[in-house]
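Here's the structure we're looking at; comments come further down.
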Amino acid sequence: MNTHSLATALVAVLAASVAHAATIVAPGTSQDSVNKSLIVAAGSAVQDVETVNGGIDIQDGASAESVETVNGGIDIGRDASVESVETVNGSIEIGSGLKASGDVETVNGRIDIGAGSTVAGSVSTVNGHISLDQVTVTAHVETVNGGLDFQAARIGGNVEMVNGRAELQGGTVVAGDLIVRKSKGNWGWGSRPKPPVVIVGAGSEVRGTLRIENEETRLFVHESARVGAVEGVQAQRYSGTQAPE
């Protein structure tokens with residue numbers, strides 16, 4: 001490569017780096033971008049934070065209104081507050097003490113929410129795992145292709161899934177129904193997914209109906225757990241601290 005070509009290549013790389021560099025959102029303002037990641041600095045308060053191709057980082061103690069991206073992950077630190085959190089292609093990682101007045105949702109990605117957080121809306125993904133550790137969700141929790149891991153969680157609405165493993169542990173309470181939908185996919189040309197597994201662990205509770213539409217689902221209920229009606233499959237009782245495999 002000659003000197004001119006090398007210089008041209010370096011300029012192109014630098015331009016691409018600048019185009020995707022993160023922008024710090026000024027306190028009290030909104031930020032709308034296309035090809036930049038966005039940062040809300042620790043302790044600052046902003047309005048809407050939206051981008052298309054880039055991640056969003058809401059640092060500890062910060063607050064924002066709508067937090068949205070399309071192609072990128074969203075990271076939220078400890079003790080933050082937001083209205084809603086949404087991405088399409090990316091995971092959502094949230095630290096402890098979040099206060100969200102609306103929904104937390106993605107399409108292709110996992111959702112992890114830390115201890116002491118409150119979501120006054122729904123938590124949902126299509127292709128991804130949801131982990132809630134000592135989290136209160138006022139409305140529903142839903143996934144299609146991904147597991148559910150609840151530790152001492154409080155869910156005010158229904159919990160829905162299609163494929164994967166759901167564990168309700170640590171005295172988790174679901175006020176609504178727990179529903180395992182039957183897959184509508186055509187698996188004739190590929191491997192079939194593993195049967196869903198639902199575990200209602202020690203001290204946990206499902207106050208509504210355990211409605212199992214997929215008859216291949218394996219349902220385990222700890223002897224100290226409390227559940228409402230069970231429809232679709234026979235629940236298997238278990239004891240001890242080890243969850244069934």
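Residue numbering restarts at 1 in every chain; chains get A, B, ... in the order shown in the structure tokens, and ligands count up from 1 in that same order.
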(request) Name all residues at most 8 Å from range 91-105 of chain A (count only C-alpha atoms; drop same-chain ones fewer than 6 positions away) and give them as a PyMOL selection string. (result) chain A and resi 72-85+111-125
Take the selection from the previous step and output its residues with C-alpha atoms, as a PDB file, in the first residue's frame.
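Writing done, so here's out_1.pdb:
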```
ATOM      1  CA  GLY A  72     -27.567  -1.081  20.611  1.00  0.00           C
ATOM      2  CA  GLY A  73     -27.606  -2.106  24.235  1.00  0.00           C
ATOM      3  CA  ILE A  74     -28.753  -0.006  27.177  1.00  0.00           C
ATOM      4  CA  ASP A  75     -26.806   0.090  30.453  1.00  0.00           C
ATOM      5  CA  ILE A  76     -28.303   1.775  33.505  1.00  0.00           C
ATOM      6  CA  GLY A  77     -26.357   2.199  36.721  1.00  0.00           C
ATOM      7  CA  ARG A  78     -27.460   2.196  40.343  1.00  0.00           C
ATOM      8  CA  ASP A  79     -30.244   4.382  41.763  1.00  0.00           C
ATOM      9  CA  ALA A  80     -31.271   5.793  38.390  1.00  0.00           C
ATOM     10  CA  SER A  81     -34.767   6.878  37.408  1.00  0.00           C
ATOM     11  CA  VAL A  82     -36.366   6.796  33.961  1.00  0.00           C
ATOM     12  CA  GLU A  83     -39.769   6.859  32.351  1.00  0.00           C
ATOM     13  CA  SER A  84     -39.305   3.983  29.898  1.00  0.00           C
ATOM     14  CA  VAL A  85     -36.499   1.889  28.410  1.00  0.00           C
ATOM     15  CA  ILE A 111     -32.960  -8.019  30.394  1.00  0.00           C
ATOM     16  CA  ASP A 112     -31.236  -7.997  33.806  1.00  0.00           C
ATOM     17  CA  ILE A 113     -32.592  -5.774  36.581  1.00  0.00           C
ATOM     18  CA  GLY A 114     -30.879  -5.409  39.947  1.00  0.00           C
ATOM     19  CA  ALA A 115     -32.086  -5.519  43.525  1.00  0.00           C
ATOM     20  CA  GLY A 116     -34.520  -2.986  44.929  1.00  0.00           C
ATOM     21  CA  SER A 117     -35.715  -1.813  41.518  1.00  0.00           C
ATOM     22  CA  THR A 118     -39.318  -0.926  40.697  1.00  0.00           C
ATOM     23  CA  VAL A 119     -40.868  -0.991  37.227  1.00  0.00           C
ATOM     24  CA  ALA A 120     -44.341   0.584  37.141  1.00  0.00           C
ATOM     25  CA  GLY A 121     -45.109  -1.090  33.821  1.00  0.00           C
ATOM     26  CA  SER A 122     -44.176  -4.314  32.003  1.00  0.00           C
ATOM     27  CA  VAL A 123     -40.865  -6.063  31.355  1.00  0.00           C
ATOM     28  CA  SER A 124     -40.685  -7.913  28.039  1.00  0.00           C
ATOM     29  CA  THR A 125     -38.426  -9.399  25.397  1.00  0.00           C
TER      30      THR A 125
END
```
Show which residues sit within 6 Å of range 212-229 of chain A, as a PDB file with N, CA and C atoms, in the first residue's frame. Count only C-alpha atoms, and ignore same-chain residues fewer than 6 positions away.
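Listing of result_15.pdb after writing:
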```pdb
ATOM      1  N   ILE A 179     -48.343 -18.341  32.482  1.00  0.00           N
ATOM      2  CA  ILE A 179     -48.835 -18.963  31.251  1.00  0.00           C
ATOM      3  C   ILE A 179     -47.660 -19.423  30.399  1.00  0.00           C
ATOM      4  N   VAL A 180     -47.713 -20.677  29.970  1.00  0.00           N
ATOM      5  CA  VAL A 180     -46.752 -21.192  29.000  1.00  0.00           C
ATOM      6  C   VAL A 180     -47.512 -21.401  27.695  1.00  0.00           C
ATOM      7  N   ARG A 181     -47.272 -20.516  26.742  1.00  0.00           N
ATOM      8  CA  ARG A 181     -47.955 -20.603  25.452  1.00  0.00           C
ATOM      9  C   ARG A 181     -47.378 -21.734  24.605  1.00  0.00           C
ATOM     10  N   LYS A 182     -48.180 -22.256  23.733  1.00  0.00           N
ATOM     11  CA  LYS A 182     -47.709 -23.270  22.792  1.00  0.00           C
ATOM     12  C   LYS A 182     -47.078 -22.582  21.593  1.00  0.00           C
ATOM     13  N   PRO A 195     -38.384 -29.133  25.771  1.00  0.00           N
ATOM     14  CA  PRO A 195     -39.656 -28.799  26.421  1.00  0.00           C
ATOM     15  C   PRO A 195     -39.450 -27.719  27.478  1.00  0.00           C
ATOM     16  N   PRO A 196     -40.389 -26.807  27.617  1.00  0.00           N
ATOM     17  CA  PRO A 196     -40.272 -25.780  28.658  1.00  0.00           C
ATOM     18  C   PRO A 196     -40.252 -26.414  30.046  1.00  0.00           C
ATOM     19  N   VAL A 197     -39.565 -25.756  30.963  1.00  0.00           N
ATOM     20  CA  VAL A 197     -39.514 -26.181  32.360  1.00  0.00           C
ATOM     21  C   VAL A 197     -39.942 -25.007  33.229  1.00  0.00           C
ATOM     22  N   VAL A 198     -40.853 -25.237  34.157  1.00  0.00           N
ATOM     23  CA  VAL A 198     -41.304 -24.210  35.089  1.00  0.00           C
ATOM     24  C   VAL A 198     -41.096 -24.731  36.506  1.00  0.00           C
ATOM     25  N   ILE A 199     -40.398 -23.946  37.322  1.00  0.00           N
ATOM     26  CA  ILE A 199     -40.135 -24.329  38.704  1.00  0.00           C
ATOM     27  C   ILE A 199     -40.669 -23.232  39.623  1.00  0.00           C
ATOM     28  N   VAL A 200     -41.614 -23.584  40.469  1.00  0.00           N
ATOM     29  CA  VAL A 200     -42.108 -22.669  41.498  1.00  0.00           C
ATOM     30  C   VAL A 200     -41.424 -23.095  42.790  1.00  0.00           C
ATOM     31  N   GLY A 201     -40.395 -22.355  43.175  1.00  0.00           N
ATOM     32  CA  GLY A 201     -39.512 -22.770  44.253  1.00  0.00           C
ATOM     33  C   GLY A 201     -40.055 -22.530  45.641  1.00  0.00           C
ATOM     34  N   ALA A 202     -39.211 -22.844  46.611  1.00  0.00           N
ATOM     35  CA  ALA A 202     -39.593 -22.780  48.020  1.00  0.00           C
ATOM     36  C   ALA A 202     -40.097 -21.397  48.405  1.00  0.00           C
ATOM     37  N   GLY A 203     -41.271 -21.361  49.042  1.00  0.00           N
ATOM     38  CA  GLY A 203     -41.834 -20.120  49.540  1.00  0.00           C
ATOM     39  C   GLY A 203     -42.408 -19.201  48.490  1.00  0.00           C
ATOM     40  N   SER A 204     -42.350 -19.588  47.229  1.00  0.00           N
ATOM     41  CA  SER A 204     -42.874 -18.744  46.161  1.00  0.00           C
ATOM     42  C   SER A 204     -44.362 -18.988  45.955  1.00  0.00           C
ATOM     43  N   GLU A 205     -44.990 -18.100  45.199  1.00  0.00           N
ATOM     44  CA  GLU A 205     -46.447 -18.149  45.101  1.00  0.00           C
ATOM     45  C   GLU A 205     -46.911 -17.662  43.727  1.00  0.00           C
ATOM     46  N   VAL A 206     -47.859 -18.389  43.150  1.00  0.00           N
ATOM     47  CA  VAL A 206     -48.576 -17.938  41.962  1.00  0.00           C
ATOM     48  C   VAL A 206     -50.038 -17.858  42.361  1.00  0.00           C
ATOM     49  N   ALA A 235     -48.711 -31.074  37.901  1.00  0.00           N
ATOM     50  CA  ALA A 235     -47.571 -30.533  38.633  1.00  0.00           C
ATOM     51  C   ALA A 235     -46.887 -31.634  39.431  1.00  0.00           C
ATOM     52  N   GLN A 236     -45.552 -31.602  39.441  1.00  0.00           N
ATOM     53  CA  GLN A 236     -44.770 -32.539  40.244  1.00  0.00           C
ATOM     54  C   GLN A 236     -44.242 -31.811  41.476  1.00  0.00           C
ATOM     55  N   ARG A 237     -44.590 -32.317  42.647  1.00  0.00           N
ATOM     56  CA  ARG A 237     -44.119 -31.717  43.890  1.00  0.00           C
ATOM     57  C   ARG A 237     -42.692 -32.176  44.184  1.00  0.00           C
ATOM     58  N   TYR A 238     -41.892 -31.278  44.777  1.00  0.00           N
ATOM     59  CA  TYR A 238     -40.544 -31.660  45.170  1.00  0.00           C
ATOM     60  C   TYR A 238     -40.216 -30.974  46.499  1.00  0.00           C
ATOM     61  N   SER A 239     -39.149 -31.431  47.134  1.00  0.00           N
ATOM     62  CA  SER A 239     -38.717 -30.869  48.412  1.00  0.00           C
ATOM     63  C   SER A 239     -37.226 -30.583  48.353  1.00  0.00           C
TER      64      SER A 239
END
```
Per-residue DSSP, range 92-214 of chain A, filtered to strand (DSSP E), as a ChimeraX atom specification = /A:92-94,99-100,104-105,111-113,118-119,123-124,130-133,136-137,141-142,148-151,154-155,159-161,165-169,173-174,178-180,197-200,205-206,210-212
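Shortest atom-to-atom contact with Thr209 in chain A among A:Gly156, A:Pro193, A:Lys184, A:Val174: A:Val174, counting only C-alpha atoms.
For the pair CA of Val34 in chain A and CA of Ala22 in chain A, the interatomic distance is 11.4 Å.
Checking A:Gly90, A:Pro27, A:Gly170, A:Gly54 one by one against Asp149 in chain A, counting only C-alpha atoms, you find the shortest gap at A:Gly170.
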### Query
Could you pull the residues within 9 Å of Gly28 in chain A, counting only C-alpha atoms, minus those fewer than 6 positions along the same chain, as a VMD selection string?
chain A and resid 44 to 47
Using only N, CA and C atoms, please write the residues we just selected to a file, as a tab-separated table (two decimals), in the first residue's frame.
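Okay, out.tsv is ready:
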```tsv
chain	number	residue	atom	x	y	z
A	44	SER	N	-26.75	13.40	36.85
A	44	SER	CA	-27.38	14.45	36.04
A	44	SER	C	-28.81	14.08	35.67
A	45	ALA	N	-29.61	15.08	35.34
A	45	ALA	CA	-31.01	14.87	34.95
A	45	ALA	C	-31.21	15.41	33.54
A	46	VAL	N	-31.75	14.55	32.66
A	46	VAL	CA	-31.99	14.94	31.27
A	46	VAL	C	-33.42	14.58	30.88
A	47	GLN	N	-33.75	14.93	29.65
A	47	GLN	CA	-35.09	14.59	29.14
A	47	GLN	C	-34.99	13.32	28.29
```
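Of the listed residues A:Glu50, A:Glu167, A:Val107, A:Gln151, the one whose atoms come nearest to Glu245 in chain A is A:Glu167, with distances taken using only C-alpha atoms.
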